[in-house]
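Have a look at protein-v6.txt below; it lists compact mmCIF, N, CA, C and O atoms.
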```txt
# COMPACT_ATOMS: atom_id res chain seq x y z
N MET A 16 11.85 30.90 11.61
CA MET A 16 10.63 30.41 11.03
C MET A 16 9.46 31.14 11.68
O MET A 16 9.40 31.25 12.90
N SER A 17 8.56 31.65 10.86
CA SER A 17 7.38 32.32 11.41
C SER A 17 6.15 31.42 11.21
O SER A 17 6.03 30.73 10.20
N PHE A 18 5.28 31.46 12.18
CA PHE A 18 4.08 30.64 12.14
C PHE A 18 2.88 31.49 11.72
O PHE A 18 2.77 32.66 12.10
N ILE A 19 2.01 30.88 10.97
CA ILE A 19 0.77 31.55 10.58
C ILE A 19 -0.32 31.05 11.51
O ILE A 19 -0.55 29.84 11.62
N VAL A 20 -1.00 31.98 12.16
CA VAL A 20 -2.07 31.59 13.08
C VAL A 20 -3.37 32.25 12.65
O VAL A 20 -3.37 33.28 11.96
N ALA A 21 -4.47 31.66 13.06
CA ALA A 21 -5.78 32.21 12.73
C ALA A 21 -6.02 33.49 13.51
O ALA A 21 -5.66 33.59 14.69
N VAL A 22 -6.61 34.46 12.86
CA VAL A 22 -6.91 35.72 13.51
C VAL A 22 -8.14 35.57 14.39
O VAL A 22 -8.23 36.13 15.48
N GLN A 23 -9.12 34.78 13.94
CA GLN A 23 -10.35 34.60 14.70
C GLN A 23 -10.21 33.43 15.65
O GLN A 23 -9.39 32.53 15.47
N ALA A 24 -11.03 33.44 16.67
CA ALA A 24 -11.04 32.33 17.62
C ALA A 24 -11.60 31.09 16.92
O ALA A 24 -12.42 31.19 16.00
N GLY A 25 -11.18 29.96 17.35
CA GLY A 25 -11.65 28.71 16.76
C GLY A 25 -13.12 28.48 17.02
O GLY A 25 -13.68 28.93 18.02
N VAL A 26 -13.75 27.81 16.12
CA VAL A 26 -15.17 27.49 16.26
C VAL A 26 -15.27 26.20 17.05
O VAL A 26 -14.66 25.19 16.71
N THR A 27 -16.05 26.24 18.10
CA THR A 27 -16.19 25.05 18.93
C THR A 27 -17.53 24.39 18.66
O THR A 27 -18.47 25.01 18.16
N ALA A 28 -17.62 23.14 19.03
CA ALA A 28 -18.87 22.40 18.85
C ALA A 28 -19.97 22.95 19.74
O ALA A 28 -21.15 22.82 19.42
N ALA A 29 -19.61 23.56 20.84
CA ALA A 29 -20.61 24.10 21.75
C ALA A 29 -21.41 25.22 21.10
O ALA A 29 -22.58 25.42 21.42
N GLU A 30 -20.81 25.95 20.18
CA GLU A 30 -21.53 27.02 19.51
C GLU A 30 -22.63 26.49 18.61
O GLU A 30 -23.62 27.15 18.36
N PHE A 31 -22.46 25.28 18.09
CA PHE A 31 -23.45 24.71 17.20
C PHE A 31 -24.47 23.84 17.94
O PHE A 31 -25.43 23.40 17.36
N ALA A 32 -24.25 23.58 19.21
CA ALA A 32 -25.12 22.70 19.97
C ALA A 32 -26.35 23.41 20.51
O ALA A 32 -27.25 22.76 21.00
N ARG A 33 -26.39 24.71 20.42
CA ARG A 33 -27.52 25.44 20.99
C ARG A 33 -28.77 25.31 20.13
O ARG A 33 -28.69 25.07 18.92
N GLU A 34 -29.90 25.49 20.75
CA GLU A 34 -31.18 25.44 20.04
C GLU A 34 -31.45 26.80 19.40
O GLU A 34 -30.98 27.83 19.90
N PRO A 35 -32.22 26.83 18.32
CA PRO A 35 -32.55 28.13 17.71
C PRO A 35 -33.47 28.93 18.63
O PRO A 35 -34.31 28.37 19.35
N SER A 36 -33.30 30.23 18.56
CA SER A 36 -34.13 31.11 19.40
C SER A 36 -35.53 31.23 18.79
O SER A 36 -35.78 30.82 17.66
N ALA A 37 -36.42 31.81 19.55
CA ALA A 37 -37.79 32.01 19.07
C ALA A 37 -37.81 32.92 17.84
O ALA A 37 -38.58 32.69 16.90
N ALA A 38 -36.96 33.92 17.83
CA ALA A 38 -36.89 34.84 16.69
C ALA A 38 -36.40 34.11 15.43
O ALA A 38 -36.92 34.34 14.33
N GLU A 39 -35.42 33.23 15.61
CA GLU A 39 -34.92 32.46 14.46
C GLU A 39 -35.99 31.51 13.93
O GLU A 39 -36.15 31.36 12.72
N LEU A 40 -36.73 30.87 14.83
CA LEU A 40 -37.81 29.99 14.40
C LEU A 40 -38.92 30.75 13.69
O LEU A 40 -39.50 30.27 12.71
N ASP A 41 -39.22 31.96 14.17
CA ASP A 41 -40.22 32.80 13.50
C ASP A 41 -39.76 33.19 12.11
O ASP A 41 -40.56 33.21 11.16
N ALA A 42 -38.48 33.52 11.97
CA ALA A 42 -37.95 33.88 10.65
C ALA A 42 -38.03 32.70 9.69
O ALA A 42 -38.39 32.87 8.52
N ILE A 43 -37.73 31.51 10.17
CA ILE A 43 -37.83 30.31 9.34
C ILE A 43 -39.27 30.07 8.93
O ILE A 43 -39.56 29.78 7.77
N ALA A 44 -40.19 30.21 9.88
CA ALA A 44 -41.60 30.00 9.58
C ALA A 44 -42.11 31.03 8.57
O ALA A 44 -42.93 30.71 7.71
N THR A 45 -41.60 32.25 8.66
CA THR A 45 -42.01 33.30 7.72
C THR A 45 -41.53 33.00 6.31
O THR A 45 -42.25 33.25 5.34
N GLU A 46 -40.34 32.44 6.17
CA GLU A 46 -39.76 32.17 4.85
C GLU A 46 -40.14 30.81 4.28
O GLU A 46 -39.84 30.53 3.11
N THR A 47 -40.80 29.96 5.05
CA THR A 47 -41.12 28.61 4.61
C THR A 47 -41.94 28.57 3.32
O THR A 47 -41.63 27.77 2.43
N PRO A 48 -42.99 29.38 3.14
CA PRO A 48 -43.74 29.31 1.87
C PRO A 48 -42.87 29.61 0.65
O PRO A 48 -43.01 28.96 -0.40
N LEU A 49 -41.96 30.56 0.77
CA LEU A 49 -41.06 30.88 -0.35
C LEU A 49 -40.11 29.72 -0.61
O LEU A 49 -39.88 29.36 -1.77
N ILE A 50 -39.58 29.14 0.43
CA ILE A 50 -38.66 28.01 0.26
C ILE A 50 -39.37 26.85 -0.43
O ILE A 50 -38.82 26.23 -1.35
N GLU A 51 -40.59 26.56 -0.01
CA GLU A 51 -41.36 25.47 -0.62
C GLU A 51 -41.64 25.75 -2.10
O GLU A 51 -41.56 24.85 -2.94
N ALA A 52 -41.97 26.99 -2.43
CA ALA A 52 -42.23 27.35 -3.82
C ALA A 52 -40.97 27.22 -4.66
O ALA A 52 -41.01 26.73 -5.79
N GLU A 53 -39.82 27.63 -4.12
CA GLU A 53 -38.56 27.51 -4.86
C GLU A 53 -38.17 26.05 -5.05
O GLU A 53 -37.64 25.68 -6.10
N VAL A 54 -38.43 25.21 -4.06
CA VAL A 54 -38.13 23.78 -4.18
C VAL A 54 -39.00 23.16 -5.26
O VAL A 54 -38.53 22.35 -6.07
N GLU A 55 -40.28 23.52 -5.30
CA GLU A 55 -41.18 23.01 -6.33
C GLU A 55 -40.70 23.41 -7.72
O GLU A 55 -40.69 22.59 -8.65
N LEU A 56 -40.29 24.66 -7.88
CA LEU A 56 -39.78 25.13 -9.16
C LEU A 56 -38.51 24.38 -9.55
O LEU A 56 -38.35 23.96 -10.70
N LEU A 57 -37.62 24.18 -8.61
CA LEU A 57 -36.39 23.45 -8.88
C LEU A 57 -36.69 22.00 -9.28
O LEU A 57 -36.08 21.47 -10.21
N ASP A 58 -37.62 21.37 -8.60
CA ASP A 58 -38.01 20.00 -8.95
C ASP A 58 -38.52 19.92 -10.38
O ASP A 58 -38.19 18.99 -11.12
N LEU A 59 -39.33 20.88 -10.77
CA LEU A 59 -39.84 20.89 -12.15
C LEU A 59 -38.72 21.09 -13.16
O LEU A 59 -38.69 20.42 -14.19
N ARG A 60 -37.82 22.00 -12.86
CA ARG A 60 -36.70 22.23 -13.79
C ARG A 60 -35.82 20.99 -13.92
O ARG A 60 -35.36 20.67 -15.02
N ILE A 61 -35.60 20.30 -12.83
CA ILE A 61 -34.81 19.07 -12.88
C ILE A 61 -35.53 18.01 -13.71
O ILE A 61 -34.92 17.31 -14.52
N ALA A 62 -36.83 17.89 -13.52
CA ALA A 62 -37.61 16.90 -14.27
C ALA A 62 -37.59 17.17 -15.76
O ALA A 62 -37.69 16.24 -16.57
N LEU A 63 -37.44 18.43 -16.14
CA LEU A 63 -37.48 18.79 -17.56
C LEU A 63 -36.11 18.82 -18.21
O LEU A 63 -36.00 19.15 -19.40
N LEU A 64 -35.08 18.47 -17.48
CA LEU A 64 -33.73 18.50 -18.06
C LEU A 64 -33.53 17.48 -19.18
O LEU A 64 -32.81 17.75 -20.13
N ASP A 65 -34.15 16.34 -19.05
CA ASP A 65 -33.87 15.26 -20.01
C ASP A 65 -34.98 15.02 -21.01
O ASP A 65 -35.00 14.00 -21.68
N ARG A 66 -35.92 15.94 -21.11
CA ARG A 66 -36.98 15.76 -22.11
C ARG A 66 -37.50 17.12 -22.57
O ARG A 66 -37.31 18.13 -21.90
N MET A 67 -38.15 17.10 -23.68
CA MET A 67 -38.80 18.31 -24.19
C MET A 67 -40.09 18.52 -23.40
O MET A 67 -40.87 17.59 -23.23
N PRO A 68 -40.30 19.73 -22.92
CA PRO A 68 -41.52 19.96 -22.13
C PRO A 68 -42.78 19.94 -23.00
O PRO A 68 -42.80 20.50 -24.10
N SER A 69 -43.80 19.30 -22.48
CA SER A 69 -45.10 19.30 -23.15
C SER A 69 -45.83 20.58 -22.77
O SER A 69 -45.35 21.38 -21.95
N GLU A 70 -47.00 20.76 -23.30
CA GLU A 70 -47.79 21.94 -22.96
C GLU A 70 -48.15 21.92 -21.48
O GLU A 70 -48.13 22.96 -20.80
N LEU A 71 -48.46 20.76 -20.96
CA LEU A 71 -48.77 20.63 -19.53
C LEU A 71 -47.54 20.98 -18.68
O LEU A 71 -47.67 21.66 -17.66
N ASP A 72 -46.37 20.54 -19.11
CA ASP A 72 -45.14 20.89 -18.39
C ASP A 72 -44.91 22.40 -18.40
O ASP A 72 -44.48 22.97 -17.39
N ARG A 73 -45.16 23.02 -19.52
CA ARG A 73 -44.99 24.48 -19.61
C ARG A 73 -45.93 25.20 -18.66
O ARG A 73 -45.57 26.19 -18.02
N ARG A 74 -47.16 24.71 -18.56
CA ARG A 74 -48.12 25.32 -17.63
C ARG A 74 -47.66 25.15 -16.19
O ARG A 74 -47.76 26.09 -15.40
N ARG A 75 -47.19 23.96 -15.86
CA ARG A 75 -46.69 23.71 -14.51
C ARG A 75 -45.52 24.62 -14.19
O ARG A 75 -45.41 25.16 -13.09
N LEU A 76 -44.63 24.79 -15.16
CA LEU A 76 -43.46 25.64 -14.97
C LEU A 76 -43.87 27.09 -14.76
O LEU A 76 -43.38 27.76 -13.85
N ARG A 77 -44.78 27.58 -15.59
CA ARG A 77 -45.27 28.96 -15.43
C ARG A 77 -45.96 29.14 -14.08
O ARG A 77 -45.79 30.15 -13.41
N ARG A 78 -46.76 28.15 -13.69
CA ARG A 78 -47.46 28.22 -12.40
C ARG A 78 -46.46 28.25 -11.24
O ARG A 78 -46.62 29.03 -10.30
N ALA A 79 -45.43 27.43 -11.33
CA ALA A 79 -44.41 27.41 -10.28
C ALA A 79 -43.65 28.73 -10.24
O ALA A 79 -43.35 29.25 -9.15
N GLN A 80 -43.31 29.29 -11.40
CA GLN A 80 -42.61 30.58 -11.44
C GLN A 80 -43.48 31.69 -10.87
O GLN A 80 -43.01 32.54 -10.12
N THR A 81 -44.76 31.66 -11.20
CA THR A 81 -45.69 32.65 -10.68
C THR A 81 -45.81 32.54 -9.16
O THR A 81 -45.86 33.55 -8.46
N ARG A 82 -45.84 31.31 -8.67
CA ARG A 82 -45.94 31.11 -7.22
C ARG A 82 -44.70 31.64 -6.51
O ARG A 82 -44.81 32.28 -5.45
N VAL A 83 -43.52 31.41 -7.07
CA VAL A 83 -42.29 31.92 -6.46
C VAL A 83 -42.33 33.45 -6.42
O VAL A 83 -42.02 34.06 -5.39
N LEU A 84 -42.72 34.07 -7.52
CA LEU A 84 -42.79 35.53 -7.54
C LEU A 84 -43.81 36.06 -6.54
O LEU A 84 -43.56 37.07 -5.86
N ALA A 85 -44.95 35.38 -6.43
CA ALA A 85 -45.98 35.81 -5.48
C ALA A 85 -45.48 35.67 -4.04
O ALA A 85 -45.71 36.57 -3.21
N GLU A 86 -44.79 34.59 -3.75
CA GLU A 86 -44.27 34.39 -2.39
C GLU A 86 -43.17 35.39 -2.07
O GLU A 86 -43.08 35.88 -0.95
N ARG A 87 -42.33 35.72 -3.06
CA ARG A 87 -41.30 36.74 -2.84
C ARG A 87 -41.92 38.09 -2.55
O ARG A 87 -41.48 38.82 -1.67
N ALA A 88 -42.96 38.43 -3.31
CA ALA A 88 -43.64 39.70 -3.09
C ALA A 88 -44.32 39.73 -1.72
O ALA A 88 -44.24 40.73 -1.00
N ALA A 89 -44.95 38.62 -1.36
CA ALA A 89 -45.61 38.56 -0.05
C ALA A 89 -44.60 38.68 1.08
O ALA A 89 -44.84 39.38 2.07
N LEU A 90 -43.47 38.01 0.94
CA LEU A 90 -42.42 38.10 1.97
C LEU A 90 -41.86 39.51 2.05
O LEU A 90 -41.66 40.05 3.13
N ALA A 91 -41.63 40.13 0.90
CA ALA A 91 -41.12 41.50 0.90
C ALA A 91 -42.12 42.46 1.55
O ALA A 91 -41.73 43.36 2.30
N ASN A 92 -43.40 42.24 1.28
CA ASN A 92 -44.43 43.11 1.90
C ASN A 92 -44.47 42.90 3.40
O ASN A 92 -44.67 43.85 4.16
N ARG A 93 -44.32 41.66 3.86
CA ARG A 93 -44.32 41.40 5.30
C ARG A 93 -43.11 42.04 5.96
O ARG A 93 -43.22 42.60 7.05
N VAL A 94 -41.95 41.96 5.32
CA VAL A 94 -40.74 42.54 5.89
C VAL A 94 -40.82 44.06 5.94
O VAL A 94 -40.48 44.67 6.95
N THR A 95 -41.31 44.69 4.88
CA THR A 95 -41.37 46.14 4.86
C THR A 95 -42.46 46.68 5.78
O THR A 95 -42.35 47.79 6.28
N SER A 96 -43.50 45.87 6.02
CA SER A 96 -44.55 46.35 6.94
C SER A 96 -44.17 46.14 8.39
O SER A 96 -44.87 46.58 9.28
N GLY A 97 -43.04 45.46 8.62
CA GLY A 97 -42.56 45.26 9.98
C GLY A 97 -43.06 43.99 10.63
O GLY A 97 -42.79 43.74 11.79
N GLU A 98 -43.80 43.17 9.91
CA GLU A 98 -44.31 41.93 10.49
C GLU A 98 -43.20 40.95 10.78
O GLU A 98 -43.20 40.27 11.79
N ALA A 99 -42.21 40.86 9.87
CA ALA A 99 -41.07 39.96 10.07
C ALA A 99 -39.80 40.79 10.06
O ALA A 99 -39.67 41.74 9.30
N ALA A 100 -38.89 40.42 10.89
CA ALA A 100 -37.63 41.17 10.93
C ALA A 100 -36.49 40.36 10.42
O ALA A 100 -36.47 39.19 10.42
```

As a first step, turn the structure in this file into structure tokens.
Amino acid sequence: MSFIVAVQAGVTAAEFAREPSAAELDAIATETPLIEAEVELLDLRIALLDRMPSELDRRRLRRAQTRVLAERAALANRVTSGEAA
């Protein structure tokens, strides 16, 4: 009988107990505006699942989509300029 064993070392709880580094916190802070914009867009899409969108809903949806695109562009510009790694 042959046994199958994991090739990688087991994941221990100690690896997950550490605090995030300053660089990781900076990366999270840099991406926060984009995450918030995507959450807002997702909330709107969920709200519109069970009803026909009104003109006001369409405006909100377009505004949210525009905000996501603007935040993606801003994040990409920050990353390419070297501000965020």

Please, which residues are within 6 Å of (-42.1, 35.2, 0.2) by the file's coordinates, counting all atoms listed in the file, and could they come as number ranges by chain?
A: 45-46, 48-49, 83, 85-91

Could you please determine the separation between atom CA of Leu56 of chain A and atom CA of Leu84 of chain A in Å, to one decimal place?
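These atoms are spaced 10.9 Å apart.
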
Pairwise distance for atom CA of Arg82 of chain A and atom CA of Ala52 of chain A, rounded to one decimal in Å
6.3 Å

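Separating atom CA of Gly97 of chain A from atom CA of Thr81 of chain A is a distance of 24.4 Å.
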
Emit as AutoDock Vina command-line options the padded axis-aligned box for all listed atoms of segment 38-50 of chain A, 6 Å per side, with centre and edge lengths in Å to one decimal.
```
--center_x -39.3 --center_y 30.5 --center_z 8.0 --size_x 20.8 --size_y 20.6 --size_z 31.6
```

Choose the residue, out of A:Asp41, A:Leu71, A:Ser36, A:Ala79, that has the smallest atom-to-atom separation from Glu55 of chain A; count all atoms listed in the file.
A:Ala79

Leu63 of chain A proximity check over A:Leu76, A:Glu39, A:Asn92, A:Glu51, using only C-alpha atoms: winner is A:Leu76

Write only all heavy atoms for segment 55-67 of chain A from the block just shown, as a PDB file, in the first residue's frame.
```pdb
ATOM      1  N   GLU A  55     -20.034  49.866  -4.151  1.00  0.00           N
ATOM      2  CA  GLU A  55     -21.190  50.705  -4.464  1.00  0.00           C
ATOM      3  C   GLU A  55     -21.871  50.236  -5.753  1.00  0.00           C
ATOM      4  O   GLU A  55     -23.101  50.138  -5.821  1.00  0.00           O
ATOM      5  CB  GLU A  55     -20.763  52.164  -4.607  1.00  0.00           C
ATOM      6  CG  GLU A  55     -21.894  53.096  -4.942  1.00  0.00           C
ATOM      7  CD  GLU A  55     -21.428  54.526  -5.172  1.00  0.00           C
ATOM      8  OE1 GLU A  55     -20.288  54.864  -4.802  1.00  0.00           O
ATOM      9  OE2 GLU A  55     -22.214  55.313  -5.734  1.00  0.00           O
ATOM     10  N   LEU A  56     -21.080  49.934  -6.769  1.00  0.00           N
ATOM     11  CA  LEU A  56     -21.630  49.439  -8.031  1.00  0.00           C
ATOM     12  C   LEU A  56     -22.341  48.105  -7.834  1.00  0.00           C
ATOM     13  O   LEU A  56     -23.442  47.892  -8.350  1.00  0.00           O
ATOM     14  CB  LEU A  56     -20.523  49.302  -9.074  1.00  0.00           C
ATOM     15  CG  LEU A  56     -20.924  48.759 -10.439  1.00  0.00           C
ATOM     16  CD1 LEU A  56     -21.977  49.643 -11.096  1.00  0.00           C
ATOM     17  CD2 LEU A  56     -19.703  48.630 -11.329  1.00  0.00           C
ATOM     18  N   LEU A  57     -21.747  47.221  -7.074  1.00  0.00           N
ATOM     19  CA  LEU A  57     -22.362  45.928  -6.799  1.00  0.00           C
ATOM     20  C   LEU A  57     -23.675  46.096  -6.038  1.00  0.00           C
ATOM     21  O   LEU A  57     -24.668  45.433  -6.345  1.00  0.00           O
ATOM     22  CB  LEU A  57     -21.400  45.041  -6.007  1.00  0.00           C
ATOM     23  CG  LEU A  57     -21.894  43.645  -5.674  1.00  0.00           C
ATOM     24  CD1 LEU A  57     -22.168  42.857  -6.947  1.00  0.00           C
ATOM     25  CD2 LEU A  57     -20.883  42.931  -4.807  1.00  0.00           C
ATOM     26  N   ASP A  58     -23.700  46.988  -5.063  1.00  0.00           N
ATOM     27  CA  ASP A  58     -24.937  47.255  -4.319  1.00  0.00           C
ATOM     28  C   ASP A  58     -26.052  47.733  -5.246  1.00  0.00           C
ATOM     29  O   ASP A  58     -27.204  47.307  -5.118  1.00  0.00           O
ATOM     30  CB  ASP A  58     -24.698  48.290  -3.225  1.00  0.00           C
ATOM     31  CG  ASP A  58     -23.929  47.750  -2.042  1.00  0.00           C
ATOM     32  OD1 ASP A  58     -23.840  46.507  -1.907  1.00  0.00           O
ATOM     33  OD2 ASP A  58     -23.421  48.563  -1.242  1.00  0.00           O
ATOM     34  N   LEU A  59     -25.713  48.612  -6.162  1.00  0.00           N
ATOM     35  CA  LEU A  59     -26.720  49.095  -7.115  1.00  0.00           C
ATOM     36  C   LEU A  59     -27.220  47.979  -8.015  1.00  0.00           C
ATOM     37  O   LEU A  59     -28.424  47.878  -8.270  1.00  0.00           O
ATOM     38  CB  LEU A  59     -26.137  50.221  -7.969  1.00  0.00           C
ATOM     39  CG  LEU A  59     -26.125  51.581  -7.318  1.00  0.00           C
ATOM     40  CD1 LEU A  59     -25.259  52.545  -8.105  1.00  0.00           C
ATOM     41  CD2 LEU A  59     -27.543  52.119  -7.217  1.00  0.00           C
ATOM     42  N   ARG A  60     -26.310  47.158  -8.493  1.00  0.00           N
ATOM     43  CA  ARG A  60     -26.726  46.052  -9.364  1.00  0.00           C
ATOM     44  C   ARG A  60     -27.630  45.070  -8.623  1.00  0.00           C
ATOM     45  O   ARG A  60     -28.601  44.565  -9.185  1.00  0.00           O
ATOM     46  CB  ARG A  60     -25.505  45.327  -9.918  1.00  0.00           C
ATOM     47  CG  ARG A  60     -24.788  46.132 -10.972  1.00  0.00           C
ATOM     48  CD  ARG A  60     -23.614  45.391 -11.529  1.00  0.00           C
ATOM     49  NE  ARG A  60     -23.002  46.124 -12.626  1.00  0.00           N
ATOM     50  CZ  ARG A  60     -21.843  45.808 -13.149  1.00  0.00           C
ATOM     51  NH1 ARG A  60     -21.161  44.781 -12.704  1.00  0.00           N
ATOM     52  NH2 ARG A  60     -21.350  46.524 -14.134  1.00  0.00           N
ATOM     53  N   ILE A  61     -27.318  44.809  -7.370  1.00  0.00           N
ATOM     54  CA  ILE A  61     -28.160  43.916  -6.573  1.00  0.00           C
ATOM     55  C   ILE A  61     -29.532  44.533  -6.369  1.00  0.00           C
ATOM     56  O   ILE A  61     -30.559  43.855  -6.474  1.00  0.00           O
ATOM     57  CB  ILE A  61     -27.479  43.592  -5.229  1.00  0.00           C
ATOM     58  CG1 ILE A  61     -26.267  42.693  -5.464  1.00  0.00           C
ATOM     59  CG2 ILE A  61     -28.458  42.935  -4.265  1.00  0.00           C
ATOM     60  CD1 ILE A  61     -25.391  42.507  -4.243  1.00  0.00           C
ATOM     61  N   ALA A  62     -29.580  45.826  -6.092  1.00  0.00           N
ATOM     62  CA  ALA A  62     -30.858  46.504  -5.871  1.00  0.00           C
ATOM     63  C   ALA A  62     -31.733  46.480  -7.118  1.00  0.00           C
ATOM     64  O   ALA A  62     -32.963  46.490  -7.020  1.00  0.00           O
ATOM     65  CB  ALA A  62     -30.619  47.942  -5.427  1.00  0.00           C
ATOM     66  N   LEU A  63     -31.114  46.433  -8.280  1.00  0.00           N
ATOM     67  CA  LEU A  63     -31.868  46.479  -9.532  1.00  0.00           C
ATOM     68  C   LEU A  63     -32.222  45.104 -10.079  1.00  0.00           C
ATOM     69  O   LEU A  63     -32.827  45.003 -11.147  1.00  0.00           O
ATOM     70  CB  LEU A  63     -31.084  47.268 -10.585  1.00  0.00           C
ATOM     71  CG  LEU A  63     -30.851  48.748 -10.256  1.00  0.00           C
ATOM     72  CD1 LEU A  63     -29.975  49.389 -11.314  1.00  0.00           C
ATOM     73  CD2 LEU A  63     -32.169  49.473 -10.117  1.00  0.00           C
ATOM     74  N   LEU A  64     -31.872  44.056  -9.368  1.00  0.00           N
ATOM     75  CA  LEU A  64     -32.163  42.706  -9.853  1.00  0.00           C
ATOM     76  C   LEU A  64     -33.655  42.403  -9.928  1.00  0.00           C
ATOM     77  O   LEU A  64     -34.102  41.689 -10.824  1.00  0.00           O
ATOM     78  CB  LEU A  64     -31.492  41.660  -8.961  1.00  0.00           C
ATOM     79  CG  LEU A  64     -30.000  41.461  -9.177  1.00  0.00           C
ATOM     80  CD1 LEU A  64     -29.458  40.474  -8.151  1.00  0.00           C
ATOM     81  CD2 LEU A  64     -29.703  40.978 -10.573  1.00  0.00           C
ATOM     82  N   ASP A  65     -34.413  42.927  -9.002  1.00  0.00           N
ATOM     83  CA  ASP A  65     -35.824  42.541  -8.917  1.00  0.00           C
ATOM     84  C   ASP A  65     -36.786  43.615  -9.403  1.00  0.00           C
ATOM     85  O   ASP A  65     -37.974  43.539  -9.139  1.00  0.00           O
ATOM     86  CB  ASP A  65     -36.175  42.131  -7.482  1.00  0.00           C
ATOM     87  CG  ASP A  65     -35.976  43.260  -6.497  1.00  0.00           C
ATOM     88  OD1 ASP A  65     -35.333  44.264  -6.865  1.00  0.00           O
ATOM     89  OD2 ASP A  65     -36.460  43.138  -5.359  1.00  0.00           O
ATOM     90  N   ARG A  66     -36.279  44.621 -10.076  1.00  0.00           N
ATOM     91  CA  ARG A  66     -37.191  45.645 -10.600  1.00  0.00           C
ATOM     92  C   ARG A  66     -36.607  46.271 -11.859  1.00  0.00           C
ATOM     93  O   ARG A  66     -35.415  46.178 -12.120  1.00  0.00           O
ATOM     94  CB  ARG A  66     -37.445  46.719  -9.545  1.00  0.00           C
ATOM     95  CG  ARG A  66     -36.238  47.571  -9.231  1.00  0.00           C
ATOM     96  CD  ARG A  66     -36.622  48.737  -8.331  1.00  0.00           C
ATOM     97  NE  ARG A  66     -35.583  49.721  -8.295  1.00  0.00           N
ATOM     98  CZ  ARG A  66     -34.911  50.047  -7.201  1.00  0.00           C
ATOM     99  NH1 ARG A  66     -35.193  49.467  -6.062  1.00  0.00           N
ATOM    100  NH2 ARG A  66     -33.979  50.960  -7.263  1.00  0.00           N
ATOM    101  N   MET A  67     -37.457  46.893 -12.597  1.00  0.00           N
ATOM    102  CA  MET A  67     -37.020  47.635 -13.786  1.00  0.00           C
ATOM    103  C   MET A  67     -36.403  48.954 -13.318  1.00  0.00           C
ATOM    104  O   MET A  67     -36.990  49.651 -12.502  1.00  0.00           O
ATOM    105  CB  MET A  67     -38.200  47.925 -14.705  1.00  0.00           C
ATOM    106  CG  MET A  67     -38.736  46.704 -15.423  1.00  0.00           C
ATOM    107  SD  MET A  67     -37.532  46.005 -16.571  1.00  0.00           S
ATOM    108  CE  MET A  67     -37.358  47.321 -17.723  1.00  0.00           C
TER     109      MET A  67
END
```
